[in-house]
file my_file_5.txt (compact mmCIF, C-alpha atoms)
# COMPACT_ATOMS: atom_id res chain seq x y z
CA MET A 92 -4.13 -19.72 -18.48
CA SER A 93 -4.65 -16.94 -21.04
CA ASP A 94 -1.98 -15.21 -23.11
CA ALA A 95 -2.53 -12.17 -20.85
CA VAL A 96 -1.18 -14.08 -17.83
CA THR A 97 1.95 -16.25 -17.69
CA GLU A 98 3.57 -18.01 -14.75
CA ILE A 99 7.09 -19.01 -13.71
CA GLY A 100 8.71 -20.23 -10.50
CA PHE A 101 10.09 -17.63 -8.09
CA GLY A 102 12.03 -19.81 -5.65
CA THR A 103 10.95 -21.64 -2.52
CA LEU A 104 10.17 -20.60 1.04
CA PRO A 105 12.33 -21.89 3.91
CA ASP A 106 9.69 -24.57 4.58
CA GLY A 107 9.98 -25.83 0.99
CA ARG A 108 6.76 -24.41 -0.46
CA PRO A 109 7.19 -23.17 -4.05
CA VAL A 110 6.52 -19.53 -4.87
CA LYS A 111 5.13 -18.34 -8.21
CA LEU A 112 5.62 -15.17 -10.21
CA PHE A 113 2.87 -14.10 -12.61
CA THR A 114 3.20 -11.69 -15.53
CA LEU A 115 0.13 -9.73 -16.65
CA ARG A 116 -0.03 -7.89 -19.99
CA ASN A 117 -2.82 -5.70 -21.29
CA ALA A 118 -3.70 -4.84 -24.89
CA ALA A 119 -1.64 -1.62 -24.78
CA GLY A 120 1.52 -3.46 -23.75
CA LEU A 121 1.62 -2.53 -20.06
CA LEU A 122 3.16 -5.22 -17.89
CA ALA A 123 2.83 -6.13 -14.23
CA ARG A 124 4.61 -8.90 -12.36
CA ILE A 125 3.08 -10.15 -9.12
CA THR A 126 4.15 -12.99 -6.84
CA ASN A 127 1.83 -15.00 -4.63
CA PHE A 128 4.21 -14.41 -1.71
CA GLY A 129 2.56 -11.43 -0.04
CA THR A 130 0.79 -10.63 -3.36
CA ILE A 131 3.83 -8.44 -4.02
CA ILE A 132 3.84 -6.28 -7.15
CA THR A 133 7.48 -6.81 -8.13
CA GLU A 134 7.37 -4.86 -11.42
CA LEU A 135 5.01 -2.45 -13.17
CA HIS A 136 6.04 -1.21 -16.61
CA VAL A 137 4.26 1.87 -17.99
CA PRO A 138 5.17 4.23 -20.87
CA ASP A 139 6.79 7.65 -20.72
CA ARG A 140 5.73 10.48 -23.04
CA GLN A 141 7.88 8.96 -25.83
CA GLY A 142 6.07 5.65 -25.42
CA ARG A 143 9.05 3.88 -23.83
CA LEU A 144 8.08 1.37 -21.14
CA GLY A 145 9.81 1.59 -17.78
CA ASP A 146 9.42 -0.10 -14.41
CA VAL A 147 7.91 2.37 -11.94
CA VAL A 148 7.82 0.39 -8.66
CA LEU A 149 10.60 -0.46 -6.24
CA GLY A 150 11.41 -4.11 -5.72
CA PHE A 151 13.93 -6.92 -5.78
CA ASP A 152 15.08 -9.55 -8.26
CA ARG A 153 15.07 -12.47 -5.83
CA LEU A 154 12.60 -14.01 -3.40
CA GLU A 155 15.29 -14.19 -0.71
CA THR A 156 15.56 -10.41 -0.65
CA TYR A 157 11.79 -10.06 -0.21
CA LEU A 158 11.97 -12.54 2.67
CA ALA A 159 14.46 -10.25 4.42
CA ASP A 160 12.70 -6.98 3.51
CA THR A 161 11.45 -4.82 6.39
CA HIS A 162 10.05 -1.96 4.27
CA TYR A 163 6.99 -3.75 2.81
CA LEU A 164 7.95 -3.20 -0.84
CA GLY A 165 4.96 -3.88 -3.09
CA CYS A 166 2.95 -6.17 -0.81
CA THR A 167 -0.56 -6.47 0.57
CA VAL A 168 -0.56 -5.51 4.25
CA GLY A 169 -3.12 -6.64 6.83
CA ARG A 170 -5.07 -7.83 8.78
CA VAL A 171 -4.86 -4.16 9.80
CA ALA A 172 -2.60 -1.80 7.86
CA ASN A 173 -0.74 1.06 9.55
CA ARG A 174 -0.34 1.41 13.32
CA THR A 175 -2.40 0.26 16.29
CA ALA A 176 -1.40 2.00 19.53
CA LYS A 177 0.42 -0.21 22.06
CA GLY A 178 -0.68 -3.28 20.09
CA ARG A 179 -4.00 -3.35 21.95
CA PHE A 180 -7.68 -2.79 21.28
CA THR A 181 -11.02 -3.55 22.92
CA LEU A 182 -13.89 -4.96 20.88
CA ASP A 183 -17.30 -5.92 22.26
CA GLY A 184 -15.96 -5.68 25.81
CA LYS A 185 -12.91 -7.90 25.30
CA THR A 186 -9.34 -6.61 25.11
CA TYR A 187 -6.98 -8.13 22.53
CA LYS A 188 -3.20 -7.94 22.51
CA LEU A 189 -1.45 -7.88 19.13
CA ALA A 190 2.13 -8.45 18.11
CA VAL A 191 4.23 -5.31 18.68
CA ASN A 192 6.68 -4.69 15.84
CA ASN A 193 7.09 -0.90 15.53
CA GLY A 194 8.45 0.53 18.75
CA SER A 195 5.60 0.16 21.20
CA ASN A 196 2.99 -0.21 18.45
CA HIS A 197 1.57 -2.83 16.10
CA LEU A 198 2.28 -2.15 12.40
CA HIS A 199 0.88 -3.62 9.16
CA GLY A 200 -0.52 -6.82 10.63
CA GLY A 201 2.36 -7.76 12.90
CA LEU A 202 5.39 -10.01 12.72
CA GLN A 203 3.77 -12.43 10.26
CA GLY A 204 1.16 -10.32 8.51
CA PHE A 205 -0.40 -10.83 5.10
CA ASP A 206 2.84 -9.61 3.50
CA ARG A 207 4.47 -12.85 4.78
CA ALA A 208 1.69 -15.18 3.60
CA LEU A 209 1.84 -17.50 0.59
CA TRP A 210 -1.47 -16.75 -1.13
CA HIS A 211 -3.39 -19.15 -3.34
CA ALA A 212 -3.40 -17.71 -6.87
CA VAL A 213 -5.86 -18.42 -9.69
CA PRO A 214 -5.59 -16.54 -13.02
CA GLN A 215 -8.88 -15.04 -14.20
CA LYS A 216 -10.24 -14.02 -17.58
CA GLY A 217 -8.05 -11.35 -19.17
CA ALA A 218 -5.02 -9.89 -17.41
CA ALA A 219 -6.18 -10.69 -13.89
CA ILE A 220 -5.27 -12.90 -10.94
CA GLN A 221 -7.32 -13.71 -7.86
CA PHE A 222 -5.36 -14.30 -4.65
CA THR A 223 -6.99 -15.87 -1.59
CA HIS A 224 -5.76 -16.34 1.97
CA THR A 225 -7.25 -17.69 5.20
CA SER A 226 -6.14 -15.90 8.36
CA PRO A 227 -7.01 -18.17 11.31
CA ASP A 228 -8.61 -17.13 14.58
CA GLY A 229 -5.90 -15.70 16.83
CA ASP A 230 -3.56 -14.85 13.93
CA GLU A 231 -1.10 -12.25 15.32
CA GLY A 232 -3.62 -11.74 18.14
CA TYR A 233 -6.68 -10.93 16.00
CA PRO A 234 -10.04 -12.58 16.69
CA GLY A 235 -11.95 -14.56 14.10
CA LYS A 236 -11.18 -16.64 11.05
CA LEU A 237 -10.85 -14.20 8.14
CA GLU A 238 -11.23 -15.25 4.50
CA VAL A 239 -9.55 -12.68 2.23
CA THR A 240 -9.57 -12.22 -1.55
CA VAL A 241 -7.39 -9.79 -3.49
CA LEU A 242 -8.18 -9.50 -7.20
CA MET A 243 -5.52 -7.70 -9.26
CA THR A 244 -6.41 -6.67 -12.81
CA LEU A 245 -4.36 -4.88 -15.46
CA THR A 246 -7.12 -3.25 -17.49
CA ASP A 247 -7.08 -2.10 -21.10
CA ALA A 248 -7.61 1.44 -19.76
CA ASN A 249 -4.01 1.29 -18.47
CA GLU A 250 -5.11 0.77 -14.89
CA LEU A 251 -3.90 -1.56 -12.19
CA ARG A 252 -7.09 -2.29 -10.28
CA ILE A 253 -7.08 -3.97 -6.87
CA ASP A 254 -10.35 -5.30 -5.43
CA TYR A 255 -10.32 -6.55 -1.84
CA THR A 256 -13.06 -8.62 -0.19
CA ALA A 257 -13.18 -10.42 3.15
CA THR A 258 -15.56 -12.25 5.47
CA THR A 259 -15.18 -13.32 9.10
CA ASP A 260 -16.79 -15.67 11.61
CA ARG A 261 -16.16 -13.30 14.57
CA ALA A 262 -16.07 -9.53 14.87
CA THR A 263 -12.59 -8.31 13.94
CA PRO A 264 -10.84 -5.17 12.68
CA ILE A 265 -9.70 -5.11 9.06
CA ASN A 266 -7.85 -2.49 7.02
CA LEU A 267 -6.15 -3.71 3.84
CA THR A 268 -3.86 -1.80 1.49
CA ASN A 269 -1.08 -2.24 -1.03
CA HIS A 270 2.37 -0.91 -0.13
CA SER A 271 3.99 -0.32 -3.52
CA TYR A 272 6.58 2.44 -3.75
CA PHE A 273 6.47 4.44 -6.99
CA ASN A 274 9.36 6.12 -8.78
CA PHE A 275 8.56 7.28 -12.32
CA LEU A 276 12.24 7.96 -13.13
CA GLY A 277 13.28 4.37 -12.53
CA GLY A 278 16.09 5.54 -10.22
CA GLY A 279 17.24 8.41 -8.05
CA ASP A 280 14.74 9.98 -5.66
CA ILE A 281 11.11 11.12 -5.88
CA LEU A 282 11.56 14.61 -4.40
CA GLY A 283 10.97 16.25 -7.79
CA HIS A 284 7.82 14.21 -8.50
CA GLU A 285 4.72 16.40 -8.21
CA LEU A 286 1.88 15.29 -5.93
CA MET A 287 -1.75 16.34 -5.62
CA LEU A 288 -4.04 15.01 -2.90
CA ALA A 289 -7.83 15.28 -2.83
CA ALA A 290 -7.70 16.07 0.87
CA ASP A 291 -8.44 19.17 2.94
CA HIS A 292 -7.51 17.56 6.27
CA TYR A 293 -5.04 15.12 7.81
CA THR A 294 -4.66 13.30 11.11
CA PRO A 295 -1.69 14.67 13.13
CA VAL A 296 0.27 12.13 15.16
CA ASP A 297 2.34 11.85 18.32
CA ASP A 298 6.03 10.98 18.38
CA THR A 299 5.22 7.28 17.84
CA SER A 300 3.12 8.04 14.73
CA ILE A 301 -0.22 7.36 16.44
CA PRO A 302 -3.01 9.88 15.63
CA VAL A 303 -3.74 12.23 18.51
CA GLY A 304 -7.46 12.15 17.61
CA GLU A 305 -7.60 15.51 15.88
CA ILE A 306 -8.56 16.07 12.23
CA ARG A 307 -6.62 19.17 11.22
CA PRO A 308 -6.89 21.37 8.08
CA VAL A 309 -3.94 21.22 5.70
CA ALA A 310 -4.46 24.71 4.31
CA GLY A 311 -1.42 26.94 4.00
CA GLY A 312 1.26 24.65 5.38
CA PRO A 313 3.62 21.91 4.18
CA MET A 314 0.83 19.30 4.47
CA ASP A 315 -1.23 21.04 1.76
CA PHE A 316 -1.18 19.21 -1.59
CA ASN A 317 -4.49 20.51 -2.93
CA GLN A 318 -2.43 22.03 -5.75
CA ARG A 319 0.20 19.83 -7.40
CA GLN A 320 3.53 20.41 -5.63
CA PRO A 321 7.02 18.89 -5.84
CA ILE A 322 7.18 16.38 -3.01
CA GLY A 323 10.42 17.75 -1.57
CA ALA A 324 9.64 21.44 -1.99
CA ARG A 325 8.67 22.01 1.65
CA PHE A 326 10.79 19.45 3.45
CA ASN A 327 12.51 22.35 5.24
CA GLN A 328 9.19 23.06 7.00
CA LEU A 329 8.84 19.51 8.35
CA THR A 330 10.14 18.11 11.63
CA GLY A 331 10.84 14.65 12.94
CA GLU A 332 13.58 12.06 13.34
CA ARG A 333 13.54 11.36 9.60
CA ILE A 334 12.37 14.34 7.55
CA GLY A 335 9.65 13.51 5.03
CA TYR A 336 5.99 12.61 4.82
CA ASP A 337 4.45 9.67 6.67
CA HIS A 338 0.96 11.03 7.22
CA ASN A 339 -2.65 9.94 6.79
CA TYR A 340 -4.81 12.29 4.75
CA VAL A 341 -8.60 12.51 5.07
CA LEU A 342 -9.95 12.18 1.53
CA ARG A 343 -12.77 14.37 0.31
CA GLY A 344 -14.46 11.29 -1.15
CA GLY A 345 -15.01 10.04 2.39
CA GLY A 346 -14.95 6.37 1.40
CA LYS A 347 -18.55 6.50 0.19
CA SER A 348 -17.77 5.54 -3.42
CA LEU A 349 -14.86 5.27 -5.84
CA ALA A 350 -13.30 8.74 -5.95
CA LEU A 351 -10.04 10.50 -6.82
CA ALA A 352 -7.49 10.34 -4.01
CA ALA A 353 -4.20 11.47 -5.55
CA GLN A 354 -2.28 12.41 -8.69
CA LEU A 355 1.44 11.83 -9.19
CA TYR A 356 3.43 13.38 -12.05
CA GLU A 357 7.08 13.25 -13.04
CA PRO A 358 8.13 16.18 -15.32
CA GLN A 359 11.11 14.57 -17.07
CA THR A 360 9.34 11.40 -18.24
CA GLY A 361 5.82 12.82 -18.41
CA ARG A 362 4.50 9.82 -16.50
CA PHE A 363 1.25 10.60 -14.71
CA MET A 364 -0.83 8.49 -12.33
CA GLU A 365 -4.23 8.95 -10.76
CA VAL A 366 -5.17 7.00 -7.64
CA LEU A 367 -8.86 6.32 -7.11
CA THR A 368 -10.24 4.52 -4.08
CA THR A 369 -13.30 3.66 -2.04
CA GLU A 370 -11.26 4.19 1.14
CA PRO A 371 -11.64 7.32 3.35
CA GLY A 372 -7.90 7.93 3.77
CA ILE A 373 -4.50 7.68 2.14
CA GLN A 374 -1.13 7.33 3.86
CA VAL A 375 1.59 9.28 2.06
CA TYR A 376 5.02 7.85 2.84
CA THR A 377 8.14 9.18 1.13
CA GLY A 378 10.48 6.33 2.04
CA ASN A 379 12.07 8.23 4.94
CA TRP A 380 13.40 5.00 6.49
CA LEU A 381 14.64 3.30 3.33
CA ASP A 382 18.36 2.73 3.84
CA GLY A 383 19.80 1.36 0.60
CA THR A 384 21.19 -1.79 2.21
CA ALA A 385 19.18 -4.39 0.27
CA PRO A 386 20.26 -5.24 -3.30
CA ALA A 387 17.37 -4.05 -5.45
CA LYS A 388 16.44 -4.80 -9.08
CA GLY A 389 19.21 -4.50 -11.62
CA GLY A 390 21.86 -3.92 -8.97
CA LYS A 391 20.34 -0.59 -7.91
CA SER A 392 19.78 0.36 -4.29
CA VAL A 393 16.70 1.77 -2.61
CA PRO A 394 18.07 4.66 -0.52
CA ARG A 395 16.03 7.18 1.41
CA TYR A 396 13.36 8.89 -0.73
CA ALA A 397 13.78 6.33 -3.54
CA GLY A 398 10.01 5.89 -3.78
CA ILE A 399 6.65 7.17 -2.57
CA ALA A 400 3.96 4.87 -1.17
CA LEU A 401 0.35 5.99 -1.56
CA GLU A 402 -1.49 3.61 0.76
CA THR A 403 -5.27 3.85 0.45
CA GLN A 404 -6.73 2.92 3.82
CA HIS A 405 -8.86 3.61 6.85
CA PHE A 406 -7.13 5.88 9.35
CA PRO A 407 -4.34 4.60 11.62
CA ASP A 408 -5.43 3.31 15.05
CA SER A 409 -9.10 3.54 14.03
CA ILE A 410 -10.01 0.58 16.25
CA ASN A 411 -9.04 2.71 19.28
CA GLN A 412 -10.51 6.00 18.07
CA ALA A 413 -14.30 6.00 17.88
CA GLN A 414 -14.42 9.31 16.01
CA PHE A 415 -12.67 7.72 12.99
CA PRO A 416 -14.52 5.59 10.40
CA SER A 417 -14.98 2.07 11.76
CA VAL A 418 -12.71 -0.81 10.72
CA VAL A 419 -14.82 -3.51 12.40
CA LEU A 420 -16.08 -6.38 10.25
CA ARG A 421 -18.78 -8.65 11.68
CA PRO A 422 -20.12 -12.07 10.70
CA GLY A 423 -22.62 -11.82 7.87
CA GLN A 424 -20.94 -8.71 6.47
CA THR A 425 -18.54 -8.53 3.53
CA PHE A 426 -15.60 -6.16 3.55
CA ARG A 427 -15.17 -4.54 0.13
CA SER A 428 -12.54 -2.08 -1.01
CA THR A 429 -11.26 -0.99 -4.41
CA THR A 430 -8.20 1.01 -5.42
CA ILE A 431 -7.23 1.90 -8.98
CA TYR A 432 -3.84 3.16 -10.21
CA ARG A 433 -4.52 4.77 -13.61
CA PHE A 434 -1.54 5.63 -15.85
CA ALA A 435 -1.15 8.22 -18.62
CA THR A 436 1.36 10.81 -19.79
CA GLN A 437 1.36 14.60 -19.89

call {"tool": "encode", "arguments": {"input": "my_file_5.txt", "output": "structure tokens"}}
result
Amino acid sequence: MSDAVTEIGFGTLPDGRPVKLFTLRNAAGLLARITNFGTIITELHVPDRQGRLGDVVLGFDRLETYLADTHYLGCTVGRVANRTAKGRFTLDGKTYKLAVNNGSNHLHGGLQGFDRALWHAVPQKGAAIQFTHTSPDGDEGYPGKLEVTVLMTLTDANELRIDYTATTDRATPINLTNHSYFNFLGGGDILGHELMLAADHYTPVDDTSIPVGEIRPVAGGPMDFNQRQPIGARFNQLTGERIGYDHNYVLRGGGKSLALAAQLYEPQTGRFMEVLTTEPGIQVYTGNWLDGTAPAKGGKSVPRYAGIALETQHFPDSINQAQFPSVVLRPGQTFRSTTIYRFATQ
């Protein structure tokens, strides 16, 4: 193991398997901590405009709290991220029934998704770790044995880079993302953070958060982040049971190559992040359902709006909506996806 990667124990699972916590450091002094339980990013320390490092992701100090977490803090989610309507889909003439864990819908891989898996971790050259996981045929209702690799690298360009690959022995849907929540203040809420999205359209949803099939322009309304805007500036124009954003945006890059998806800026600290991805969409979630009940890092809580998740992805319910980019992976193909979180100050 290189000096750029160190390892300690992070407790044990209820079945007795040991969990590890890895620390990655790059040449500039940035630090990331990642556990092989759910490939959760537990900490990510980046500088403010005075050069002071601070942790910018929500998380917990103890494995036991992650085991009880229902908000997906920092983890890899799959086999299919986001929602699948009624927990059902038809593929090649056969209908599959998935675990239902979000009202009437399937969310983020089900009751025991990739966020609950203990991944095999192997440090790589430099500040990088490769995580692998085998999802068996029938896992949470999905067809096919899926072999998944998640490579996380803290680059010397002050980037956290995530490369996903997967292969299958039967046709299956796949849509992987990371579910970190960012807060560049290290506390309080993210409503004053400024957000820009490289998106002219979004996918409106019904009252169960399933896309209605339309791709709607964002121009002129509260969904429009083409110009950098404070996240909470137009909350009074939103509706819903919990006010805030939980919407999929259609990226201008279209998923054809690595392209800019979002920028996030915090005026007090000067922290600035660019999100680049090969994915066609990004789910913007402002922590509307965070409730502050779990004891977070350093004794702090994670109340509503404590962080923003920027989940690069294919669109929700794509397996049931033929007009959306396909999420089907077939034998002989390799699923590939890359997302980069690039940090700077302004």

call {"tool": "closest_atom_pairs", "arguments": {"input": "my_file_5.txt", "of": "stretch 236-347 of chain A", "to": "stretch 422-431 of chain A", "cutoff": "12 Å", "atoms": "all atoms listed in the file", "output": "tab-separated table"}}
result
residue	atom	partner	partner_atom	distance
A:Lys236	CA	A:Pro422	CA	10.0
A:Leu237	CA	A:Pro422	CA	9.9
A:Glu238	CA	A:Thr425	CA	10.0
A:Val239	CA	A:Phe426	CA	9.0
A:Thr240	CA	A:Arg427	CA	9.7
A:Val241	CA	A:Ser428	CA	9.6
A:Leu242	CA	A:Thr429	CA	9.5
A:Met243	CA	A:Ile431	CA	9.8
A:Thr244	CA	A:Ile431	CA	9.4
A:Leu245	CA	A:Ile431	CA	9.8
A:Thr246	CA	A:Ile431	CA	9.9
A:Ala248	CA	A:Ile431	CA	10.8
A:Asn249	CA	A:Ile431	CA	10.0
A:Glu250	CA	A:Ile431	CA	6.4
A:Leu251	CA	A:Ile431	CA	5.8
A:Arg252	CA	A:Ile431	CA	4.4
A:Ile253	CA	A:Thr430	CA	5.3
A:Asp254	CA	A:Thr429	CA	4.5
A:Tyr255	CA	A:Ser428	CA	5.1
A:Thr256	CA	A:Arg427	CA	4.6
A:Ala257	CA	A:Phe426	CA	4.9
A:Thr258	CA	A:Thr425	CA	5.1
A:Thr259	CA	A:Pro422	CA	5.3
A:Asp260	CA	A:Pro422	CA	5.0
A:Arg261	CA	A:Pro422	CA	5.7
A:Ala262	CA	A:Pro422	CA	6.3
A:Thr263	CA	A:Pro422	CA	9.0
A:Pro264	CA	A:Phe426	CA	10.3
A:Ile265	CA	A:Phe426	CA	8.1
A:Asn266	CA	A:Phe426	CA	9.3
A:Leu267	CA	A:Ser428	CA	8.2
A:Thr268	CA	A:Thr430	CA	8.6
A:Asn269	CA	A:Thr430	CA	9.0
A:His270	CA	A:Thr430	CA	12.0
A:Gly346	CA	A:Ser428	CA	9.1
A:Lys347	CA	A:Ser428	CA	10.5

call {"tool": "residues_around", "arguments": {"input": "my_file_5.txt", "residues": "stretch 127-137 of chain A", "least_positions_apart": "6", "cutoff": "6 Å", "atoms": "all atoms listed in the file", "output": "number ranges by chain"}}
result
A: 111, 121, 144-148, 150, 165-167, 205-210

call {"tool": "residues_around", "arguments": {"input": "my_file_5.txt", "residues": "A:Ala352", "least_positions_apart": "4", "cutoff": "12 Å", "atoms": "all atoms listed in the file", "output": "short mmCIF file (atom, residue, chain, number, x, y, z; two decimals) with C-alpha atoms, in the frame of the given file"}}
result
data_model
loop_
_atom_site.label_atom_id
_atom_site.label_comp_id
_atom_site.auth_asym_id
_atom_site.auth_seq_id
_atom_site.Cartn_x
_atom_site.Cartn_y
_atom_site.Cartn_z
CA LEU A 286 1.88 15.29 -5.93
CA MET A 287 -1.75 16.34 -5.62
CA LEU A 288 -4.04 15.01 -2.90
CA ALA A 289 -7.83 15.28 -2.83
CA ALA A 290 -7.70 16.07 0.87
CA ASP A 291 -8.44 19.17 2.94
CA PHE A 316 -1.18 19.21 -1.59
CA ASN A 317 -4.49 20.51 -2.93
CA ASN A 339 -2.65 9.94 6.79
CA TYR A 340 -4.81 12.29 4.75
CA VAL A 341 -8.60 12.51 5.07
CA LEU A 342 -9.95 12.18 1.53
CA ARG A 343 -12.77 14.37 0.31
CA GLY A 344 -14.46 11.29 -1.15
CA GLY A 345 -15.01 10.04 2.39
CA GLY A 346 -14.95 6.37 1.40
CA SER A 348 -17.77 5.54 -3.42
CA MET A 364 -0.83 8.49 -12.33
CA GLU A 365 -4.23 8.95 -10.76
CA VAL A 366 -5.17 7.00 -7.64
CA LEU A 367 -8.86 6.32 -7.11
CA THR A 368 -10.24 4.52 -4.08
CA THR A 369 -13.30 3.66 -2.04
CA GLU A 370 -11.26 4.19 1.14
CA PRO A 371 -11.64 7.32 3.35
CA GLY A 372 -7.90 7.93 3.77
CA ILE A 373 -4.50 7.68 2.14
CA GLN A 374 -1.13 7.33 3.86
CA VAL A 375 1.59 9.28 2.06
CA LEU A 401 0.35 5.99 -1.56
CA GLU A 402 -1.49 3.61 0.76
CA THR A 403 -5.27 3.85 0.45
CA GLN A 404 -6.73 2.92 3.82
CA THR A 429 -11.26 -0.99 -4.41
CA THR A 430 -8.20 1.01 -5.42
CA ILE A 431 -7.23 1.90 -8.98
CA TYR A 432 -3.84 3.16 -10.21
CA ARG A 433 -4.52 4.77 -13.61
#

call {"tool": "atom_distance", "arguments": {"input": "my_file_5.txt", "atom1": "atom CA of A:Thr436", "atom2": "atom CA of A:Glu98"}}
result
29.3 Å

call {"tool": "closest_residue", "arguments": {"input": "my_file_5.txt", "among": "A:Ser417, A:Thr156, A:Thr384, A:Gln141", "to": "A:Gly361", "atoms": "only C-alpha atoms"}}
result
A:Gln141

call {"tool": "residues_around", "arguments": {"input": "my_file_5.txt", "residues": "A:His211", "least_positions_apart": "2", "cutoff": "9 Å", "atoms": "only C-alpha atoms", "output": "short mmCIF file (atom, residue, chain, number, x, y, z; two decimals) with C-alpha atoms, in the coordinates of the input"}}
result
data_model
loop_
_atom_site.label_atom_id
_atom_site.label_comp_id
_atom_site.auth_asym_id
_atom_site.auth_seq_id
_atom_site.Cartn_x
_atom_site.Cartn_y
_atom_site.Cartn_z
CA ASN A 127 1.83 -15.00 -4.63
CA LEU A 209 1.84 -17.50 0.59
CA VAL A 213 -5.86 -18.42 -9.69
CA GLN A 221 -7.32 -13.71 -7.86
CA PHE A 222 -5.36 -14.30 -4.65
CA THR A 223 -6.99 -15.87 -1.59
CA HIS A 224 -5.76 -16.34 1.97
#

call {"tool": "residues_around", "arguments": {"input": "my_file_5.txt", "residues": "stretch 187-199 of chain A", "least_positions_apart": "6", "cutoff": "8 Å", "atoms": "all atoms listed in the file", "output": "PyMOL selection string"}}
result
chain A and resi 168-181+231-234+299

call {"tool": "atom_distance", "arguments": {"input": "my_file_5.txt", "atom1": "atom CA of A:Leu355", "atom2": "atom CA of A:Gly398"}}
result
11.7 Å

call {"tool": "closest_residue", "arguments": {"input": "my_file_5.txt", "among": "A:Ala212, A:Leu158, A:Ala400, A:Val419", "to": "A:Thr103", "atoms": "only C-alpha atoms"}}
result
A:Leu158

call {"tool": "closest_residue", "arguments": {"input": "my_file_5.txt", "among": "A:Gln203, A:Asn274, A:Gln328, A:Thr114", "to": "A:Val393", "atoms": "all atoms listed in the file"}}
result
A:Asn274

call {"tool": "atom_distance", "arguments": {"input": "my_file_5.txt", "atom1": "atom CA of A:His284", "atom2": "atom CA of A:Arg116"}}
result
26.1 Å

call {"tool": "axis_aligned_box", "arguments": {"input": "my_file_5.txt", "around": "stretch 427-434 of chain A", "padding_each_side": "3 Å", "output": "AutoDock Vina command-line options"}}
result
--center_x -8.4 --center_y 0.5 --center_z -7.9 --size_x 19.6 --size_y 16.2 --size_z 22.0

call {"tool": "residues_around", "arguments": {"input": "my_file_5.txt", "residues": "A:Gln412", "least_positions_apart": "5", "cutoff": "10 Å", "atoms": "all atoms listed in the file", "output": "number ranges by chain"}}
result
A: 180, 302-304, 406-407, 417

call {"tool": "write_last_selection", "arguments": {"input": "my_file_5.txt", "atoms": "C-alpha atoms", "output": "mmCIF file, in the coordinates of the input"}}
result
data_model
loop_
_atom_site.group_PDB
_atom_site.id
_atom_site.type_symbol
_atom_site.label_atom_id
_atom_site.label_comp_id
_atom_site.auth_asym_id
_atom_site.auth_seq_id
_atom_site.Cartn_x
_atom_site.Cartn_y
_atom_site.Cartn_z
ATOM 1 C CA PHE A 180 -7.680 -2.790 21.280
ATOM 2 C CA PRO A 302 -3.010 9.880 15.630
ATOM 3 C CA VAL A 303 -3.740 12.230 18.510
ATOM 4 C CA GLY A 304 -7.460 12.150 17.610
ATOM 5 C CA PHE A 406 -7.130 5.880 9.350
ATOM 6 C CA PRO A 407 -4.340 4.600 11.620
ATOM 7 C CA SER A 417 -14.980 2.070 11.760
#

call {"tool": "decode", "arguments": {"input": "my_file_5.txt", "residues": "stretch 93-101 of chain A", "atoms": "N, CA, C and O atoms", "output": "PDB file, in the first residue's frame"}}
result
ATOM      1  N   SER A  93       0.558   2.224  -0.853  1.00  0.00           N
ATOM      2  CA  SER A  93       1.389   3.417  -0.991  1.00  0.00           C
ATOM      3  C   SER A  93       1.120   4.396   0.140  1.00  0.00           C
ATOM      4  O   SER A  93       0.149   4.268   0.886  1.00  0.00           O
ATOM      5  N   ASP A  94       2.011   5.408   0.259  1.00  0.00           N
ATOM      6  CA  ASP A  94       1.797   6.451   1.256  1.00  0.00           C
ATOM      7  C   ASP A  94       0.530   7.254   0.973  1.00  0.00           C
ATOM      8  O   ASP A  94       0.002   7.909   1.875  1.00  0.00           O
ATOM      9  N   ALA A  95       0.047   7.218  -0.279  1.00  0.00           N
ATOM     10  CA  ALA A  95      -1.146   7.967  -0.658  1.00  0.00           C
ATOM     11  C   ALA A  95      -2.425   7.311  -0.162  1.00  0.00           C
ATOM     12  O   ALA A  95      -3.485   7.937  -0.153  1.00  0.00           O
ATOM     13  N   VAL A  96      -2.340   6.035   0.246  1.00  0.00           N
ATOM     14  CA  VAL A  96      -3.509   5.298   0.732  1.00  0.00           C
ATOM     15  C   VAL A  96      -3.147   4.595   2.034  1.00  0.00           C
ATOM     16  O   VAL A  96      -2.154   3.862   2.088  1.00  0.00           O
ATOM     17  N   THR A  97      -3.925   4.824   3.076  1.00  0.00           N
ATOM     18  CA  THR A  97      -3.758   4.092   4.330  1.00  0.00           C
ATOM     19  C   THR A  97      -5.080   3.444   4.713  1.00  0.00           C
ATOM     20  O   THR A  97      -6.140   3.831   4.207  1.00  0.00           O
ATOM     21  N   GLU A  98      -5.007   2.465   5.608  1.00  0.00           N
ATOM     22  CA  GLU A  98      -6.181   1.654   5.925  1.00  0.00           C
ATOM     23  C   GLU A  98      -6.278   1.426   7.429  1.00  0.00           C
ATOM     24  O   GLU A  98      -5.272   1.168   8.094  1.00  0.00           O
ATOM     25  N   ILE A  99      -7.499   1.519   7.962  1.00  0.00           N
ATOM     26  CA  ILE A  99      -7.764   1.154   9.353  1.00  0.00           C
ATOM     27  C   ILE A  99      -9.068   0.367   9.400  1.00  0.00           C
ATOM     28  O   ILE A  99      -9.829   0.340   8.430  1.00  0.00           O
ATOM     29  N   GLY A 100      -9.348  -0.268  10.545  1.00  0.00           N
ATOM     30  CA  GLY A 100     -10.623  -0.932  10.721  1.00  0.00           C
ATOM     31  C   GLY A 100     -11.734   0.074  10.962  1.00  0.00           C
ATOM     32  O   GLY A 100     -11.517   1.151  11.520  1.00  0.00           O
ATOM     33  N   PHE A 101     -12.944  -0.302  10.558  1.00  0.00           N
ATOM     34  CA  PHE A 101     -14.105   0.583  10.727  1.00  0.00           C
ATOM     35  C   PHE A 101     -15.280  -0.208  11.299  1.00  0.00           C
ATOM     36  O   PHE A 101     -16.429   0.014  10.946  1.00  0.00           O
TER      37      PHE A 101
END
